Amino acid sequence: MNTSQTELKKVSLESMDVGTENRAKLKALFPSVFTETLNEKEKLVESIDFEKLKAELGTFSDLFEGRKERYGMDWPGKRECLKIIQQPSLATLKPCREESVNFDTTENLFIEGDNLEVLKLLQKSYHCKVKMIYIDPPYNTGKEFIYPDHYAESLETYLAYAGLIDDTGKKFSTNTANEGRFHTKWLNMMYPRLYLARNLLREDGVIFISIDDNEVSNLRKLCDEIYGEENFVAQVEWQKRYTRSNNTDNFTTVIEHLCIYQKSSLFKVNLLERAREADARFTNPDNDPRGPWKATPFLNQVPPEKRPNLCYPITNPYTSHTEMPLNKAWRYEREKFEELLKDNRLWWGTKKDRKVPDIKTFLSEVRQGMTPINFWSYEYAGHTDLANSEIKDLFGIKVFDTPKPSLLLERIIEHSCKKEDIVLDFFAGSCPLAQAVLEHNRKGKNYRFIVCQLPEPVPENSQQYQMDFKTIADIGKERIRRVIQKIKKEESTIEKLDLGFKVLKLNKSNFKVWEQAPQTSVNQLTFLLEDHILHINPKASQEDILYELLLKSGYLPTAKIEKQQIAGKTVYSIGDGVLMICLESEITREFIEAVAATDPERFICLDHAFKGNDQLKTNAMHAFSSRRSGGNQDVFRTI
């Protein structure tokens with residue numbers, strides 16, 4: 001059988017196509033609104049009948065013309081933001097062993113690169129897997145902030161900016177002091193990132209965003225649109241300072257805001273441990289077998305004339321005294337009173353002679369914890385001086401201008417995460433989130449962090465530069481290393497702790513992407529085809545290729561990888577054989593049969609390893625698909 005008669009699928013080198021995914025979800029909900037129309041080239045294409053969609057949603061078009069007034073948020077460039085979101089990334093994340101700690105065993109990630117590209121690349125691997133996201137984005141105070149995704153800029157711009165290609169003429173655009181606090185640039189920077197970040201959250205996930213007064217109102221509106229106004233959880237005021245400032249004649253700012261949004265109503269905040277003095281209020285003077293209780297008044301605060309249904313005579317079963325409500329009505333109606341009386345939940349006093357009883361509220365039935373409040377004092381969540389002290393303790397000098405205290409991040413984790421959850425910070429800065437995770441894990445947790453930071457250069461005349469920290473990313477990586485060393489010195493048992501992190505760096509794909517210009521001559525097309533036969537970058541290592549395939553196939557870059565020998569060929573086994581990857585330049589029928597016998601969920605190899613043998617390729621496809629129910633051809637793919 002010729003391979004042209006089969007549907008051999010290749011590994012996609014693109015990140016998740018957000019637009020396609022969203023259209024698929026819409027089609028699952030409203031299949032009737034999809035229709036076929038002719039495009040400009042007179043070809044049939046699938047499109048959406050938006051008027052019909054409105055009708056499906058119960059909104060019908062009226063007869064008047066012109067734009068309708070509507071509630072919402074708009075700004076120059078928003079449409080372009082949506083285009084950027086839906087442009088898949090063709091980049092990759094290259095492993096960097098020499099800058100990592102415990103590379104082969106850790107489940108923590110430090111990603112160096114433009115976070116917009118990185119968020120796109122994480123869409124397949126971490127879709128709906130992250131429990132909590134914390135970010136501390138630029139505050140748009142009028143000072144310069146890096147704005148990496150101007151519409152004319154691309155991965156090439158980032159590579160030039162990061163010094164990864166020889167082109168010093170390209171630079172990320174910025175929001176500078178002479179431009180002032182332009183909201184548009186800040187919104188255009190934040191919108192696609194927050195949109196893509198939502199896809200990574202679990203259904204019970206939550207995002208915490210630090211912000212100051214300059215953009216807090218815009219941030220709330222932005223998140224209302226992306227996450228849904230109904231998913232607003234709280235706006236916490238964090239007391240970042242505990243002293244007044246003598247550097248201003250105006251109000252001294254001592255707080256910053258934490259805007260909190262949930263992915264859905266499945267998110268439940270973790271309660272605070274209840275204070276012991278609160279439990280001491282529960283006693284058991286009548287030796288009730290249900291345990292300690294405290295008295296709750298049976299009287300209501302409402303006067304009798306307003307709630308006549310709560311006014312009726314009650315009788316003390318021990319003294320036969322009957323009482324009517326005077327200035328206050330009872331708390332419950334008669335039927336509920338009878339239930340409480342029958343269940344021995346009314347307390348008539350130690351001598352059982354009270355005219356009006358109390359209700360017994362049992363400790364075992366009370367919520368085991370206290371809800372957090374929306375003001376976090378510096379005693380509870382740390383302050384900026386503490387953050388600077390942490391940096392100085394680790395480095396000896398202040399190597400970062402605006403750090404957050406790790407205690408603030410510890411509190412965020414306490415309120416949002418359970419054991420073994422994944423947390424993400426894609427504006428990592430000096431990496432306080434990573435430190436908070438490592439500190440929490442000393443207490444028996446097993447959280448995993450993903451932090452992402454742009455390699456933003458530090459000034460060459462700074463102390464940081466003299467200490468060989470050329471970028472903010474260098475400072476973040478070194479902070480994590482020093483925290484790990486600190487924990488190793490302080491802990492006697494570290495065998496169960498994940499004291500490591502894997503460094504990945506944003507870079508060009510290891511594979512050439514087919515690009516044909518609209519006006520291509522036969523000779524040019526012939527050259528392109530010949531050049532694309534060997535479409536793998538000859539400088540790429542097998543490990544570089546392996547990690548790109550993991551990302552593009554939707555597997556975690558922290559997955560367990562084992563190198564095996566099968567029929568004389570090297571094979572990488574990921575996740576105990578769930579995924580098998582062979583990067584050998586030539587494979588045989590015996591090898592294909594041996595790998596198929598291991599029954600992986602997916603097998604990937606190089607297309608040119610078949611040396612043009614279509615029959616071998618066809619046999620390989622059938623060898624894998626025949627082992628899966630329904631002849632699943634997704635098992636075998638080439639690159």
# chains A, B, ... in the order shown; residues from 1 in each chain; ligands from 1
>>> residues_around(residues="Thr638 of chain A", least_positions_apart="6", cutoff="7 Å", atoms="only C-alpha atoms", output="PDB file with N, CA and C atoms, in the first residue's frame")
ATOM      1  N   LYS A  10       1.976  14.165  11.075  1.00  0.00           N
ATOM      2  CA  LYS A  10       3.262  14.627  11.565  1.00  0.00           C
ATOM      3  C   LYS A  10       3.063  15.471  12.817  1.00  0.00           C
ATOM      4  N   VAL A  11       4.120  15.586  13.595  1.00  0.00           N
ATOM      5  CA  VAL A  11       4.060  16.383  14.814  1.00  0.00           C
ATOM      6  C   VAL A  11       3.922  17.851  14.439  1.00  0.00           C
ATOM      7  N   ILE A 604       7.268   8.850  18.086  1.00  0.00           N
ATOM      8  CA  ILE A 604       7.697   9.895  17.156  1.00  0.00           C
ATOM      9  C   ILE A 604       9.113   9.571  16.687  1.00  0.00           C
ATOM     10  N   CYS A 605       9.332   9.701  15.383  1.00  0.00           N
ATOM     11  CA  CYS A 605      10.681   9.530  14.844  1.00  0.00           C
ATOM     12  C   CYS A 605      10.895  10.532  13.714  1.00  0.00           C
ATOM     13  N   LEU A 606      12.122  10.605  13.206  1.00  0.00           N
ATOM     14  CA  LEU A 606      12.447  11.516  12.117  1.00  0.00           C
ATOM     15  C   LEU A 606      11.937  10.961  10.799  1.00  0.00           C
ATOM     16  N   ASP A 607      11.359  11.831   9.990  1.00  0.00           N
ATOM     17  CA  ASP A 607      10.821  11.396   8.705  1.00  0.00           C
ATOM     18  C   ASP A 607      11.924  10.903   7.775  1.00  0.00           C
TER      19      ASP A 607
END
>>> residues_around(residues="segment 295-307 of chain A", least_positions_apart="5", cutoff="12 Å", atoms="only C-alpha atoms", output="number ranges by chain")
A: 281-285, 312, 314, 324-334, 336-337, 340-341, 345-349, 354-363
>>> write_last_selection(atoms="C-alpha atoms", output="PDB file, in the first residue's frame")
ATOM      1  CA  ARG A 281     -15.269  29.360  74.185  1.00  0.00           C
ATOM      2  CA  PHE A 282     -16.768  25.905  73.564  1.00  0.00           C
ATOM      3  CA  THR A 283     -17.491  23.929  76.744  1.00  0.00           C
ATOM      4  CA  ASN A 284     -19.719  21.011  77.747  1.00  0.00           C
ATOM      5  CA  PRO A 285     -21.418  21.780  81.090  1.00  0.00           C
ATOM      6  CA  TYR A 312     -45.398  32.542  69.791  1.00  0.00           C
ATOM      7  CA  ILE A 314     -42.524  28.917  74.423  1.00  0.00           C
ATOM      8  CA  MET A 324     -43.923  35.445  74.984  1.00  0.00           C
ATOM      9  CA  PRO A 325     -41.457  37.662  73.090  1.00  0.00           C
ATOM     10  CA  LEU A 326     -41.473  41.240  74.355  1.00  0.00           C
ATOM     11  CA  ASN A 327     -38.943  43.641  72.742  1.00  0.00           C
ATOM     12  CA  LYS A 328     -37.390  41.080  70.367  1.00  0.00           C
ATOM     13  CA  ALA A 329     -38.842  38.249  68.324  1.00  0.00           C
ATOM     14  CA  TRP A 330     -37.551  34.697  68.504  1.00  0.00           C
ATOM     15  CA  ARG A 331     -34.808  33.550  66.122  1.00  0.00           C
ATOM     16  CA  TYR A 332     -36.823  30.653  64.610  1.00  0.00           C
ATOM     17  CA  GLU A 333     -40.417  29.758  63.898  1.00  0.00           C
ATOM     18  CA  ARG A 334     -42.374  27.378  66.154  1.00  0.00           C
ATOM     19  CA  LYS A 336     -37.884  24.839  64.331  1.00  0.00           C
ATOM     20  CA  PHE A 337     -38.191  25.469  68.094  1.00  0.00           C
ATOM     21  CA  LEU A 340     -34.396  21.990  68.714  1.00  0.00           C
ATOM     22  CA  LEU A 341     -36.256  21.064  71.894  1.00  0.00           C
ATOM     23  CA  ARG A 345     -30.225  21.609  71.478  1.00  0.00           C
ATOM     24  CA  LEU A 346     -31.752  24.171  73.859  1.00  0.00           C
ATOM     25  CA  TRP A 347     -29.938  25.246  77.007  1.00  0.00           C
ATOM     26  CA  TRP A 348     -32.126  26.333  79.913  1.00  0.00           C
ATOM     27  CA  GLY A 349     -29.226  27.079  82.278  1.00  0.00           C
ATOM     28  CA  ARG A 354     -34.342  30.117  82.355  1.00  0.00           C
ATOM     29  CA  LYS A 355     -37.402  31.714  80.809  1.00  0.00           C
ATOM     30  CA  VAL A 356     -35.738  31.982  77.371  1.00  0.00           C
ATOM     31  CA  PRO A 357     -33.238  29.318  76.314  1.00  0.00           C
ATOM     32  CA  ASP A 358     -29.990  29.541  74.327  1.00  0.00           C
ATOM     33  CA  ILE A 359     -29.202  27.356  71.330  1.00  0.00           C
ATOM     34  CA  LYS A 360     -26.300  24.922  71.603  1.00  0.00           C
ATOM     35  CA  THR A 361     -23.808  25.326  68.718  1.00  0.00           C
ATOM     36  CA  PHE A 362     -21.413  22.377  68.670  1.00  0.00           C
ATOM     37  CA  LEU A 363     -17.706  22.761  67.916  1.00  0.00           C
TER      38      LEU A 363
END
>>> closest_residue(among="A:Met16, A:Glu99, A:Ala623, A:Thr92", to="Arg481 of chain A", atoms="only C-alpha atoms")
A:Glu99
>>> atom_distance(atom1="atom CA of Glu439 of chain A", atom2="atom CA of Pro457 of chain A")
28.5 Å
>>> residues_around(residues="segment 112-114 of chain A", least_positions_apart="5", cutoff="6 Å", atoms="only C-alpha atoms", output="PyMOL selection string")
chain A and resi 452-454+505-506
>>> atom_distance(atom1="atom CA of Pro432 of chain A", atom2="atom CA of Tyr378 of chain A")
16.3 Å
>>> select_by_dssp(residues="segment 338-504 of chain A", states="helix (DSSP H, G or I)", output="ChimeraX atom specification")
/A:338-342,363-365,378-381,384-395,406-416,432-441,463-466,472-490
>>> atom_distance(atom1="atom CA of Phe511 of chain A", atom2="atom CA of Lys120 of chain A")
17.6 Å
>>> select_by_dssp(residues="segment 287-406 of chain A", states="strand (DSSP E)", output="compact mmCIF listing (two decimals) with N, CA and C atoms, in the first residue's frame")
# COMPACT_ATOMS: atom_id res chain seq x y z
N TRP A 293 -19.76 22.77 73.17
CA TRP A 293 -20.66 23.66 72.46
C TRP A 293 -20.58 25.04 73.11
N LYS A 294 -21.11 26.02 72.38
CA LYS A 294 -21.25 27.35 72.99
C LYS A 294 -22.68 27.83 72.76
N ALA A 295 -23.12 28.74 73.63
CA ALA A 295 -24.51 29.20 73.62
C ALA A 295 -24.71 30.32 72.59
N THR A 296 -25.79 30.20 71.82
CA THR A 296 -26.20 31.23 70.86
C THR A 296 -27.59 31.70 71.26
N PRO A 297 -27.82 33.02 71.38
CA PRO A 297 -29.13 33.50 71.85
C PRO A 297 -30.28 33.04 70.95
N ILE A 314 -43.38 30.08 74.23
CA ILE A 314 -42.52 28.92 74.42
C ILE A 314 -42.57 28.54 75.90
N THR A 315 -42.46 27.25 76.14
CA THR A 315 -42.59 26.75 77.50
C THR A 315 -41.33 26.01 77.94
N THR A 322 -44.25 29.67 80.78
CA THR A 322 -44.48 30.04 79.39
C THR A 322 -44.10 31.51 79.18
N GLU A 323 -43.38 31.77 78.09
CA GLU A 323 -42.89 33.13 77.84
C GLU A 323 -43.27 33.57 76.42
N LEU A 346 -31.43 22.95 73.13
CA LEU A 346 -31.75 24.17 73.86
C LEU A 346 -31.18 24.09 75.27
N TRP A 347 -30.59 25.18 75.69
CA TRP A 347 -29.94 25.25 77.01
C TRP A 347 -30.74 26.18 77.90
N ASP A 358 -31.00 29.33 75.37
CA ASP A 358 -29.99 29.54 74.33
C ASP A 358 -29.95 28.30 73.43
N ILE A 359 -29.37 28.48 72.26
CA ILE A 359 -29.20 27.36 71.33
C ILE A 359 -27.78 26.83 71.46
N LYS A 360 -27.63 25.53 71.51
CA LYS A 360 -26.30 24.92 71.60
C LYS A 360 -25.70 24.77 70.20
N THR A 361 -24.55 25.44 69.98
CA THR A 361 -23.81 25.33 68.72
C THR A 361 -22.56 24.49 68.98
N PHE A 362 -22.48 23.32 68.37
CA PHE A 362 -21.41 22.38 68.67
C PHE A 362 -20.14 22.69 67.87
N PHE A 375 -7.64 42.74 53.97
CA PHE A 375 -6.54 43.62 54.35
C PHE A 375 -5.45 42.76 54.98
N TRP A 376 -4.28 42.76 54.37
CA TRP A 376 -3.16 41.99 54.87
C TRP A 376 -2.11 42.94 55.44
>>> residues_around(residues="segment 385-402 of chain A", least_positions_apart="3", cutoff="8 Å", atoms="only C-alpha atoms", output="list in words")
Arg241, Gly382, Pro405, Ser406, Ser430, Gln463, Gln464, Ile475, Arg479, Arg482 and Val483 of chain A
